[in-house]
Each structure stands twice: as C-alpha cells, then as structure tokens.
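Chemist: Here it is, the structure, as structure tokens.
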Amino acid sequence: MMLMEAQEQETFRHVRGSPTLQDSSKESSHGFSSAEKSAQIDTSSAAVSTATHRLRNLPGTKEEKLYQWPQRPLESIESAFALREYLQALIRQDPHNIELLITLPAGQDENCWLYEHLCQICLELNYLIVHLEPECTPEGCPEMRAEEWKYYCATHPTPRECCAIDYLTHTLDGASALLNNVKSFPSRISVPEGSVKNFQSIARRLYRIFAHAYFHHRDVFDAFEAETSLYERFLKLSRAQQLITEKLIIIPSPLHEENSAHVGSRQVLGGM
C-alpha cells in the first residue's frame with residue numbers, strides 16, 4: 001500500500017579535495033576537450049542528484065522499487081516530522097507487527113506518539129473510504145449504521161442524518177481538521193494538556209468508520225484489513241490508551257464472533 005509521507009531531505013555537501021573532485025581535476029589537465037569537460041560536469045551533477053534524493057521516491061519510480069532505503073533509527077532523523085517518518089517507515093516494513101508499531105519509542109513523549117498515530121490512521125482511512133465508495137452509495141446506504149447502531153452526523157450546526165458515505169467523509173474530514181488545527185496542536189514536540197481530551201472524541205468517531213465497513217461491506221473490510229491490519233492497530237492502540245470504552249466496541253473479536261453481546265441491541269446515537 002502506498003502511503004503519503006512527510007518529505008525527507010538530506011544535504012549533500014561537496015568536500016574540498018574529495019576523490020570525485022580530485023579525479024575530475026586530474027582528467028581536465030590531460031587535454032580534454034570542452035565537450036568532454038561538459039560531459040564530466042553533467043555526470044557529476046547526476047551523481048549529486050542521486051545522492052541528494054536517495055531517501056525520496058523520484059518521478060517514474062516503479063511501485064516495487066518505492067521506499068527502497070534502509071530503516072533509520074529515530075534518533076538519526078533530523079526533521080520536525082521525525083516521529084511520523086519513523087512510524088511510516090515501520091508500517092512499510094511490516095504493517096502487521098502491531099506490538100512494534102504501537103510501542104512508544106524510548107525517550108519520546110507519549111501524547112506526541114499518540115497524536116502521530118491518529119494522524120496516520122486518518123491518512124490510511126482515506127484509502128478504506130476509496131475502496132468503499134463503489135458500493136457504499138447514498139441509495140445502498142441511505143443511513144449511517146453499524147449493525148443495529150444508528151449515528152447522526154455532528155459536523156452540521158445541528159446533528160442530523162447523513163447517508164453513510166457522507167458521514168464517513170465528514171467524520172474523517174472533521175478529525176483531520178482538528179488534528180491539523182494549530183490552536184489545538186501548535187507543536188510537533190509537545191501536546192497541550194487541554195488538547196489531549198480530543199483524542200478520545202476523535203478515536204470514538206473514527207471507530208464508526210471501521211464498524212460500518214465491517215457490518216455492511218464485510219468483503220471490503222476483510223480485504224483491506226488483510227493488507228493493512230489498520231483496524232487491529234487502531235483497536236489495540238485505543239485500548240492501550242483507553243480512548244474507547246469497551247461498550248462502544250461492537251466489532252466482535254475473531255475468537256468470539258458468534259457470541260457478541262451486542263447482537264440484537266438497537267441503539268440510536270448522536271454525533272457526540
């Protein structure tokens with residue numbers, strides 16, 4: 001799966017007296033023509049370009065060759081987006097190693113790590129919604145439901161009914177807008193104490209996207225989960241951080257699918 005990520009940049013510096021420059025100097029003194037000298041400069045520039053972009057996917061890169069660079073230790077990433085870049089690299093390496101993905105890296109702020117996880121989950125949920133669109137139509141899913149639960153959309157001045165696909169996109173847009181709000185989250189290295197409370201609200205709403213996909217578009221859910229393990233990651237993270245109460249978890253676990261305590265219960269929920 002292709003994931004958009006924060007750009008990683010490395011500075012390539014010319015070192016005076018480096019082997020490359022020394023070789024070029026020796027060759028130029030042996031009577032090379034202007035055209036040959038120009039060709040040498042072009043070749044040198046190409047090498048610089050390759051080194052400069054070795055941690056970026058260049059235009060025209062084939063899918064199987066994307067992100068073909070070694071995993072870097074978190075402490076070696078010099079970027080304001082270091083935690084996000086590190087998390088995305090772990091996901092590309094193995095999206096199914098959930099324990100590794102959700103484990104807080106040594107020396108990192110727990111709330112910043114949780115913030116980056118929620119941002120990443122929102123990003124990946126975009127792909128799930130894209131897969132749902134062909135069959136989750138206003139005609140096929142005129143209400144936002146998950147099993148017997150019905151939800152009202154809170155992105156309007158007054159919570160009201162939306163068709164499922166609109167509810168999903170409104171919910172994801174709202175969560176993304178909140179996470180990118182500089183008043184609530186002004187820094188990448190710390191999360192204001194007053195903003196931490198938003199994590200539970202965001203997680204509760206995002207859970208409904210998974211729930212609708214599971215109960216009403218199971219084939220899409222299963223195929224997406226087999227590739228990404230996104231729901232498993234989200235659920236374990238939410239439980240570990242106590243973002244969602246157990247009574248709101250309505251997707252049955254694989255070992256107890258037939259014994260779900262929620263079957264037959266009919267609920268109507270607002271946007272809160």
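Residue numbers start at 1 in each chain; chains themselves are named A, B, ... in the order of the structure tokens; ligands are numbered from 1 in the order shown.
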Quick one: residues within 10 Å of His96 (chain A), only C-alpha atoms, excluding same-chain residues fewer than 6 positions away - as a ChimeraX atom specification?
Modeler: /A:90,225-230,232-233
Chemist: Can you pull out the residues contacting region 127-129 of chain A? Cut-off 8 Å, using only C-alpha atoms, and skip same-chain residues under 6 positions away; I want them as a PyMOL selection string.
Modeler: chain A and resi 165+168-169+221+224
Chemist: Would you mind listing what lies within 12 Å of Ala213 (chain A) as an MDAnalysis selection string, with only C-alpha atoms counted and same-chain residues fewer than 5 positions away left out?
Modeler: chainID A and resid 125 128:133 135:136 141 144:147 164:165 168 206:208 218:225 231 251
Chemist: Could you please determine the separation between CA of Arg188 (chain A) and CA of Glu110 (chain A) in Å, to one decimal place?
Modeler: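 Distance reported for this atom pair: 12.1 Å.
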Chemist: Could you check how far CA of Ser184 (chain A) sits from CA of Glu161 (chain A), in Å to one decimal?
Modeler: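 Separation of CA of Ser184 (chain A) and CA of Glu161 (chain A): 27.8 Å.
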Chemist: Do you have the CA of Ser176 (chain A)-CA of Cys122 (chain A) distance handy?
Modeler: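 The value is 6.6 Å.
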Chemist: When distances are computed from only C-alpha atoms, which of A:Glu143, A:Pro138, A:Phe234, A:Ala177 shows the smallest separation from Pro95 (chain A)?
Modeler: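 Of A:Glu143, A:Pro138, A:Phe234, A:Ala177, the one nearest Pro95 (chain A) is A:Phe234, counting only C-alpha atoms.
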Chemist: Which residue is closest to Asp166 (chain A)? Choose from A:Val196, A:Leu179, A:Ile98, A:Ile209 and count only C-alpha atoms.
Modeler: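 Smallest separation from Asp166 (chain A) among the options: A:Ile209.
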